[in-house]
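*Asks:* I am attaching a structure below and will ask some questions about it afterwards.
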Amino acid sequence: AFEVELARSGKVIWVEADQTVARALDAAGVLLPTSCEQGICGTCLTRVVEGIPDHRDQYLTPEEQAANDQFLPCCSRAKSARLVLDL
Ligand code: FES
């Protein structure tokens, strides 16, 4: 498990091991558009301000994934203890 911080509100949300970031945000009342929830469509694309995402999508190119400045919260997770998101 890890936590995400929302850069705009300073809100910190805990993401359980059996929960996606998108579900954790939804449970916390944060609006985030999702569609496929499988890392394919790109609808949930979110900018990462700080931290290292654990990319599990099939939407970003390897180069985009390596830049670590955006990720797909419907399926991707975190390699760092905290991700700071542009939300
Ligand atoms: Fe489709 Fe996240 S909802 S990539």
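By order in the structure tokens, chains are A, B, ...; within a chain, residues start at 1; ligands start at 1, following the order shown.
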Show me which residues sit within 9 Å of ligand 1 when counting only C-alpha atoms and all ligand atoms, and put them as a PDB file with all heavy atoms, in the first residue's frame.
*Replies:*
```pdb
ATOM      1  N   ALA A  22      -7.598   4.915  -8.590  1.00  0.00           N
ATOM      2  CA  ALA A  22      -8.865   5.501  -9.029  1.00  0.00           C
ATOM      3  C   ALA A  22      -9.977   5.212  -8.025  1.00  0.00           C
ATOM      4  O   ALA A  22     -10.778   6.095  -7.695  1.00  0.00           O
ATOM      5  CB  ALA A  22      -9.241   4.964 -10.412  1.00  0.00           C
ATOM      6  N   PRO A  33     -12.362  11.231 -14.000  1.00  0.00           N
ATOM      7  CA  PRO A  33     -13.033  10.485 -15.061  1.00  0.00           C
ATOM      8  C   PRO A  33     -12.305   9.170 -15.363  1.00  0.00           C
ATOM      9  O   PRO A  33     -11.082   9.163 -15.498  1.00  0.00           O
ATOM     10  CB  PRO A  33     -12.979  11.433 -16.266  1.00  0.00           C
ATOM     11  CG  PRO A  33     -11.972  12.474 -15.939  1.00  0.00           C
ATOM     12  CD  PRO A  33     -11.771  12.491 -14.459  1.00  0.00           C
ATOM     13  N   THR A  34     -13.056   8.087 -15.429  1.00  0.00           N
ATOM     14  CA  THR A  34     -12.482   6.795 -15.832  1.00  0.00           C
ATOM     15  C   THR A  34     -13.417   6.167 -16.864  1.00  0.00           C
ATOM     16  O   THR A  34     -14.582   6.547 -16.962  1.00  0.00           O
ATOM     17  CB  THR A  34     -12.347   5.809 -14.646  1.00  0.00           C
ATOM     18  OG1 THR A  34     -13.633   5.601 -14.081  1.00  0.00           O
ATOM     19  CG2 THR A  34     -11.384   6.314 -13.593  1.00  0.00           C
ATOM     20  N   SER A  35     -12.880   5.227 -17.620  1.00  0.00           N
ATOM     21  CA  SER A  35     -13.711   4.532 -18.591  1.00  0.00           C
ATOM     22  C   SER A  35     -13.389   3.051 -18.609  1.00  0.00           C
ATOM     23  O   SER A  35     -14.108   2.236 -18.052  1.00  0.00           O
ATOM     24  CB  SER A  35     -13.518   5.162 -19.964  1.00  0.00           C
ATOM     25  OG  SER A  35     -14.275   4.491 -20.923  1.00  0.00           O
ATOM     26  N   CYS A  36     -12.269   2.681 -19.227  1.00  0.00           N
ATOM     27  CA  CYS A  36     -11.967   1.247 -19.372  1.00  0.00           C
ATOM     28  C   CYS A  36     -11.535   0.595 -18.058  1.00  0.00           C
ATOM     29  O   CYS A  36     -11.755  -0.581 -17.839  1.00  0.00           O
ATOM     30  CB  CYS A  36     -10.875   1.040 -20.420  1.00  0.00           C
ATOM     31  SG  CYS A  36      -9.227   1.553 -19.871  1.00  0.00           S
ATOM     32  N   GLU A  37     -10.904   1.357 -17.192  1.00  0.00           N
ATOM     33  CA  GLU A  37     -10.342   0.852 -15.928  1.00  0.00           C
ATOM     34  C   GLU A  37      -9.363  -0.292 -16.137  1.00  0.00           C
ATOM     35  O   GLU A  37      -9.171  -1.134 -15.271  1.00  0.00           O
ATOM     36  CB  GLU A  37     -11.464   0.458 -14.947  1.00  0.00           C
ATOM     37  CG  GLU A  37     -12.360   1.656 -14.661  1.00  0.00           C
ATOM     38  CD  GLU A  37     -13.062   1.619 -13.308  1.00  0.00           C
ATOM     39  OE1 GLU A  37     -12.587   0.883 -12.429  1.00  0.00           O
ATOM     40  OE2 GLU A  37     -14.056   2.325 -13.152  1.00  0.00           O
ATOM     41  N   GLN A  38      -8.744  -0.335 -17.309  1.00  0.00           N
ATOM     42  CA  GLN A  38      -7.768  -1.401 -17.590  1.00  0.00           C
ATOM     43  C   GLN A  38      -6.469  -0.853 -18.160  1.00  0.00           C
ATOM     44  O   GLN A  38      -5.654  -1.608 -18.703  1.00  0.00           O
ATOM     45  CB  GLN A  38      -8.354  -2.387 -18.600  1.00  0.00           C
ATOM     46  CG  GLN A  38      -9.532  -3.174 -18.071  1.00  0.00           C
ATOM     47  CD  GLN A  38     -10.069  -4.119 -19.130  1.00  0.00           C
ATOM     48  OE1 GLN A  38      -9.330  -4.939 -19.661  1.00  0.00           O
ATOM     49  NE2 GLN A  38     -11.328  -3.976 -19.464  1.00  0.00           N
ATOM     50  N   GLY A  39      -6.293   0.465 -18.120  1.00  0.00           N
ATOM     51  CA  GLY A  39      -5.047   1.036 -18.616  1.00  0.00           C
ATOM     52  C   GLY A  39      -4.928   1.056 -20.129  1.00  0.00           C
ATOM     53  O   GLY A  39      -3.827   1.044 -20.675  1.00  0.00           O
ATOM     54  N   ILE A  40      -6.068   1.117 -20.816  1.00  0.00           N
ATOM     55  CA  ILE A  40      -6.034   1.070 -22.281  1.00  0.00           C
ATOM     56  C   ILE A  40      -6.471   2.385 -22.928  1.00  0.00           C
ATOM     57  O   ILE A  40      -5.878   2.827 -23.904  1.00  0.00           O
ATOM     58  CB  ILE A  40      -6.939  -0.084 -22.787  1.00  0.00           C
ATOM     59  CG1 ILE A  40      -6.366  -1.421 -22.307  1.00  0.00           C
ATOM     60  CG2 ILE A  40      -7.054  -0.065 -24.310  1.00  0.00           C
ATOM     61  CD1 ILE A  40      -7.316  -2.590 -22.473  1.00  0.00           C
ATOM     62  N   CYS A  41      -7.500   3.042 -22.363  1.00  0.00           N
ATOM     63  CA  CYS A  41      -8.111   4.180 -23.071  1.00  0.00           C
ATOM     64  C   CYS A  41      -7.436   5.530 -22.822  1.00  0.00           C
ATOM     65  O   CYS A  41      -7.537   6.429 -23.644  1.00  0.00           O
ATOM     66  CB  CYS A  41      -9.583   4.280 -22.702  1.00  0.00           C
ATOM     67  SG  CYS A  41      -9.880   4.833 -21.009  1.00  0.00           S
ATOM     68  N   GLY A  42      -6.796   5.714 -21.676  1.00  0.00           N
ATOM     69  CA  GLY A  42      -6.131   6.979 -21.372  1.00  0.00           C
ATOM     70  C   GLY A  42      -7.041   8.019 -20.730  1.00  0.00           C
ATOM     71  O   GLY A  42      -6.595   9.122 -20.411  1.00  0.00           O
ATOM     72  N   THR A  43      -8.304   7.691 -20.519  1.00  0.00           N
ATOM     73  CA  THR A  43      -9.253   8.658 -19.938  1.00  0.00           C
ATOM     74  C   THR A  43      -8.790   9.195 -18.584  1.00  0.00           C
ATOM     75  O   THR A  43      -8.966  10.366 -18.281  1.00  0.00           O
ATOM     76  CB  THR A  43     -10.639   7.994 -19.755  1.00  0.00           C
ATOM     77  OG1 THR A  43     -11.078   7.537 -21.021  1.00  0.00           O
ATOM     78  CG2 THR A  43     -11.658   8.963 -19.175  1.00  0.00           C
ATOM     79  N   CYS A  44      -8.197   8.347 -17.776  1.00  0.00           N
ATOM     80  CA  CYS A  44      -7.861   8.736 -16.401  1.00  0.00           C
ATOM     81  C   CYS A  44      -6.463   9.350 -16.270  1.00  0.00           C
ATOM     82  O   CYS A  44      -6.007   9.617 -15.152  1.00  0.00           O
ATOM     83  CB  CYS A  44      -7.973   7.516 -15.490  1.00  0.00           C
ATOM     84  SG  CYS A  44      -6.772   6.223 -15.867  1.00  0.00           S
ATOM     85  N   LEU A  45      -5.806   9.603 -17.381  1.00  0.00           N
ATOM     86  CA  LEU A  45      -4.432  10.110 -17.356  1.00  0.00           C
ATOM     87  C   LEU A  45      -4.277  11.292 -16.378  1.00  0.00           C
ATOM     88  O   LEU A  45      -5.021  12.264 -16.440  1.00  0.00           O
ATOM     89  CB  LEU A  45      -4.024  10.549 -18.765  1.00  0.00           C
ATOM     90  CG  LEU A  45      -2.546  10.920 -18.943  1.00  0.00           C
ATOM     91  CD1 LEU A  45      -1.663   9.695 -18.770  1.00  0.00           C
ATOM     92  CD2 LEU A  45      -2.314  11.551 -20.302  1.00  0.00           C
ATOM     93  N   ASP A  57      -0.062   0.171 -17.244  1.00  0.00           N
ATOM     94  CA  ASP A  57      -0.994   0.419 -18.342  1.00  0.00           C
ATOM     95  C   ASP A  57      -0.393  -0.022 -19.666  1.00  0.00           C
ATOM     96  O   ASP A  57       0.784  -0.340 -19.760  1.00  0.00           O
ATOM     97  CB  ASP A  57      -1.295   1.919 -18.419  1.00  0.00           C
ATOM     98  CG  ASP A  57      -0.040   2.697 -18.790  1.00  0.00           C
ATOM     99  OD1 ASP A  57       0.778   2.993 -17.883  1.00  0.00           O
ATOM    100  OD2 ASP A  57       0.162   2.974 -19.975  1.00  0.00           O
ATOM    101  N   GLN A  58      -1.241  -0.005 -20.691  1.00  0.00           N
ATOM    102  CA  GLN A  58      -0.785  -0.305 -22.049  1.00  0.00           C
ATOM    103  C   GLN A  58      -1.036   0.901 -22.933  1.00  0.00           C
ATOM    104  O   GLN A  58      -1.146   0.791 -24.154  1.00  0.00           O
ATOM    105  CB  GLN A  58      -1.564  -1.506 -22.593  1.00  0.00           C
ATOM    106  CG  GLN A  58      -1.342  -2.767 -21.781  1.00  0.00           C
ATOM    107  CD  GLN A  58      -2.395  -3.801 -22.100  1.00  0.00           C
ATOM    108  OE1 GLN A  58      -2.551  -4.172 -23.266  1.00  0.00           O
ATOM    109  NE2 GLN A  58      -3.121  -4.276 -21.105  1.00  0.00           N
ATOM    110  N   TYR A  59      -1.195   2.057 -22.319  1.00  0.00           N
ATOM    111  CA  TYR A  59      -1.546   3.278 -23.053  1.00  0.00           C
ATOM    112  C   TYR A  59      -0.325   4.145 -23.334  1.00  0.00           C
ATOM    113  O   TYR A  59      -0.121   4.603 -24.457  1.00  0.00           O
ATOM    114  CB  TYR A  59      -2.592   4.049 -22.248  1.00  0.00           C
ATOM    115  CG  TYR A  59      -2.977   5.373 -22.865  1.00  0.00           C
ATOM    116  CD1 TYR A  59      -3.876   5.435 -23.929  1.00  0.00           C
ATOM    117  CD2 TYR A  59      -2.440   6.569 -22.372  1.00  0.00           C
ATOM    118  CE1 TYR A  59      -4.228   6.650 -24.499  1.00  0.00           C
ATOM    119  CE2 TYR A  59      -2.793   7.789 -22.948  1.00  0.00           C
ATOM    120  CZ  TYR A  59      -3.677   7.831 -24.005  1.00  0.00           C
ATOM    121  OH  TYR A  59      -4.018   9.027 -24.564  1.00  0.00           O
ATOM    122  N   PHE A  71       0.638   9.196 -15.160  1.00  0.00           N
ATOM    123  CA  PHE A  71       0.320   7.776 -15.003  1.00  0.00           C
ATOM    124  C   PHE A  71      -1.182   7.556 -15.112  1.00  0.00           C
ATOM    125  O   PHE A  71      -1.958   8.517 -15.177  1.00  0.00           O
ATOM    126  CB  PHE A  71       0.911   7.223 -13.709  1.00  0.00           C
ATOM    127  CG  PHE A  71       0.055   7.338 -12.473  1.00  0.00           C
ATOM    128  CD1 PHE A  71      -0.072   6.267 -11.592  1.00  0.00           C
ATOM    129  CD2 PHE A  71      -0.612   8.515 -12.177  1.00  0.00           C
ATOM    130  CE1 PHE A  71      -0.849   6.358 -10.449  1.00  0.00           C
ATOM    131  CE2 PHE A  71      -1.400   8.620 -11.025  1.00  0.00           C
ATOM    132  CZ  PHE A  71      -1.515   7.534 -10.173  1.00  0.00           C
ATOM    133  N   LEU A  72      -1.593   6.289 -15.160  1.00  0.00           N
ATOM    134  CA  LEU A  72      -2.998   5.927 -15.295  1.00  0.00           C
ATOM    135  C   LEU A  72      -3.481   5.336 -13.974  1.00  0.00           C
ATOM    136  O   LEU A  72      -3.243   4.151 -13.698  1.00  0.00           O
ATOM    137  CB  LEU A  72      -3.185   4.907 -16.419  1.00  0.00           C
ATOM    138  CG  LEU A  72      -3.104   5.363 -17.885  1.00  0.00           C
ATOM    139  CD1 LEU A  72      -4.036   6.532 -18.146  1.00  0.00           C
ATOM    140  CD2 LEU A  72      -1.720   5.751 -18.301  1.00  0.00           C
ATOM    141  N   PRO A  73      -4.156   6.132 -13.158  1.00  0.00           N
ATOM    142  CA  PRO A  73      -4.547   5.684 -11.820  1.00  0.00           C
ATOM    143  C   PRO A  73      -5.585   4.567 -11.768  1.00  0.00           C
ATOM    144  O   PRO A  73      -5.848   4.027 -10.693  1.00  0.00           O
ATOM    145  CB  PRO A  73      -5.075   6.956 -11.149  1.00  0.00           C
ATOM    146  CG  PRO A  73      -5.376   7.892 -12.262  1.00  0.00           C
ATOM    147  CD  PRO A  73      -4.455   7.544 -13.384  1.00  0.00           C
ATOM    148  N   CYS A  74      -6.161   4.164 -12.914  1.00  0.00           N
ATOM    149  CA  CYS A  74      -7.114   3.052 -12.872  1.00  0.00           C
ATOM    150  C   CYS A  74      -6.404   1.713 -12.711  1.00  0.00           C
ATOM    151  O   CYS A  74      -7.023   0.724 -12.340  1.00  0.00           O
ATOM    152  CB  CYS A  74      -7.984   3.025 -14.121  1.00  0.00           C
ATOM    153  SG  CYS A  74      -7.076   2.608 -15.620  1.00  0.00           S
ATOM    154  N   CYS A  75      -5.090   1.680 -12.991  1.00  0.00           N
ATOM    155  CA  CYS A  75      -4.401   0.381 -12.903  1.00  0.00           C
ATOM    156  C   CYS A  75      -2.974   0.508 -12.387  1.00  0.00           C
ATOM    157  O   CYS A  75      -2.458  -0.431 -11.786  1.00  0.00           O
ATOM    158  CB  CYS A  75      -4.391  -0.303 -14.262  1.00  0.00           C
ATOM    159  SG  CYS A  75      -3.511   0.651 -15.497  1.00  0.00           S
ATOM    160  N   SER A  76      -2.328   1.641 -12.632  1.00  0.00           N
ATOM    161  CA  SER A  76      -0.937   1.781 -12.213  1.00  0.00           C
ATOM    162  C   SER A  76      -0.856   2.097 -10.728  1.00  0.00           C
ATOM    163  O   SER A  76      -1.793   2.618 -10.132  1.00  0.00           O
ATOM    164  CB  SER A  76      -0.241   2.865 -13.031  1.00  0.00           C
ATOM    165  OG  SER A  76      -0.171   2.461 -14.385  1.00  0.00           O
TER     166      SER A  76
END
```
*Asks:* Name all residues at most 10 Å from segment 47-54 of chain A (count only C-alpha atoms; drop same-chain ones fewer than 2 positions away) and give them as a ChimeraX atom specification.
*Replies:* /A:4-7,44-45,56-57,65-73,75-87
*Asks:* Can you pull out every residue from chain A that DSSP, working from the backbone, puts in alpha helix (DSSP H), and format the result as a PyMOL selection string?
*Replies:* chain A and resi 21-27+62-67
*Asks:* Next, dump the selected residues to file, keeping only N, CA, C and O atoms, as a short mmCIF file (atom, residue, chain, number, x, y, z; two decimals), in the first residue's frame.
*Replies:*
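Heads up, here's the output in selection-v6.cif:
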```cif
data_model
loop_
_atom_site.label_atom_id
_atom_site.label_comp_id
_atom_site.auth_asym_id
_atom_site.auth_seq_id
_atom_site.Cartn_x
_atom_site.Cartn_y
_atom_site.Cartn_z
N VAL A 21 -5.78 3.21 -7.40
CA VAL A 21 -5.72 4.62 -7.04
C VAL A 21 -7.05 5.28 -7.41
O VAL A 21 -7.61 6.08 -6.65
N ALA A 22 -7.60 4.92 -8.59
CA ALA A 22 -8.86 5.50 -9.03
C ALA A 22 -9.98 5.21 -8.02
O ALA A 22 -10.78 6.09 -7.70
N ARG A 23 -10.03 4.00 -7.50
CA ARG A 23 -11.06 3.63 -6.52
C ARG A 23 -10.86 4.36 -5.21
O ARG A 23 -11.82 4.81 -4.56
N ALA A 24 -9.58 4.50 -4.81
CA ALA A 24 -9.29 5.21 -3.55
C ALA A 24 -9.69 6.67 -3.66
O ALA A 24 -10.24 7.25 -2.72
N LEU A 25 -9.45 7.28 -4.83
CA LEU A 25 -9.83 8.68 -5.05
C LEU A 25 -11.35 8.80 -5.01
O LEU A 25 -11.90 9.70 -4.37
N ASP A 26 -12.02 7.88 -5.67
CA ASP A 26 -13.47 7.88 -5.71
C ASP A 26 -14.05 7.75 -4.30
O ASP A 26 -14.96 8.48 -3.92
N ALA A 27 -13.47 6.85 -3.51
CA ALA A 27 -13.94 6.63 -2.14
C ALA A 27 -13.74 7.88 -1.30
O ALA A 27 -14.47 8.12 -0.33
N PRO A 62 6.77 3.37 -23.75
CA PRO A 62 7.84 3.13 -22.76
C PRO A 62 8.56 4.43 -22.40
O PRO A 62 8.93 4.63 -21.24
N GLU A 63 8.74 5.31 -23.38
CA GLU A 63 9.42 6.59 -23.12
C GLU A 63 8.58 7.45 -22.18
O GLU A 63 9.10 8.09 -21.27
N GLU A 64 7.27 7.49 -22.45
CA GLU A 64 6.39 8.29 -21.59
C GLU A 64 6.36 7.72 -20.17
O GLU A 64 6.36 8.45 -19.19
N GLN A 65 6.35 6.40 -20.07
CA GLN A 65 6.36 5.78 -18.74
C GLN A 65 7.65 6.13 -18.00
O GLN A 65 7.64 6.44 -16.82
N ALA A 66 8.76 6.09 -18.73
CA ALA A 66 10.06 6.33 -18.11
C ALA A 66 10.20 7.76 -17.58
O ALA A 66 10.97 8.03 -16.65
N ALA A 67 9.45 8.69 -18.18
CA ALA A 67 9.54 10.09 -17.75
C ALA A 67 8.92 10.26 -16.35
O ALA A 67 9.24 11.22 -15.64
#
```
*Asks:* By how many Å are atom CA of Gly29 of chain A and atom CA of Ala1 of chain A apart?
*Replies:*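 So the answer is 19.3 Å.
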*Asks:* Once DSSP has gone over the backbone, tell me which residues of segment 43-74 of chain A are in strand (DSSP E), as a VMD selection string.
*Replies:* chain A and resid 46 to 50 53 to 54 70 to 71
*Asks:* Could those residues be written to a file, using C-alpha atoms, as a PDB file, in the first residue's frame?
*Replies:*
```pdb
ATOM      1  CA  THR A  46      -3.123  12.174 -14.432  1.00  0.00           C
ATOM      2  CA  ARG A  47       0.028  14.259 -14.036  1.00  0.00           C
ATOM      3  CA  VAL A  48       2.518  13.121 -11.408  1.00  0.00           C
ATOM      4  CA  VAL A  49       4.260  15.973  -9.605  1.00  0.00           C
ATOM      5  CA  GLU A  50       6.459  13.862  -7.353  1.00  0.00           C
ATOM      6  CA  PRO A  53       4.711   5.452 -10.499  1.00  0.00           C
ATOM      7  CA  ASP A  54       4.618   1.694 -11.024  1.00  0.00           C
ATOM      8  CA  GLN A  70       2.097  11.050 -15.738  1.00  0.00           C
ATOM      9  CA  PHE A  71       0.320   7.776 -15.003  1.00  0.00           C
TER      10      PHE A  71
END
```
*Asks:* Interatomic distance between atom CA of Ala17 of chain A and atom CA of Leu31 of chain A?
*Replies:*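 Computing the Euclidean distance for atom CA of Ala17 of chain A and atom CA of Leu31 of chain A yields 21.0 Å.
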*Asks:* So how far away is atom CA of Leu32 of chain A from atom CA of Gln19 of chain A, in Å?
*Replies:*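 Spanning atom CA of Gln19 of chain A to atom CA of Leu32 of chain A is a straight-line distance of 15.2 Å.
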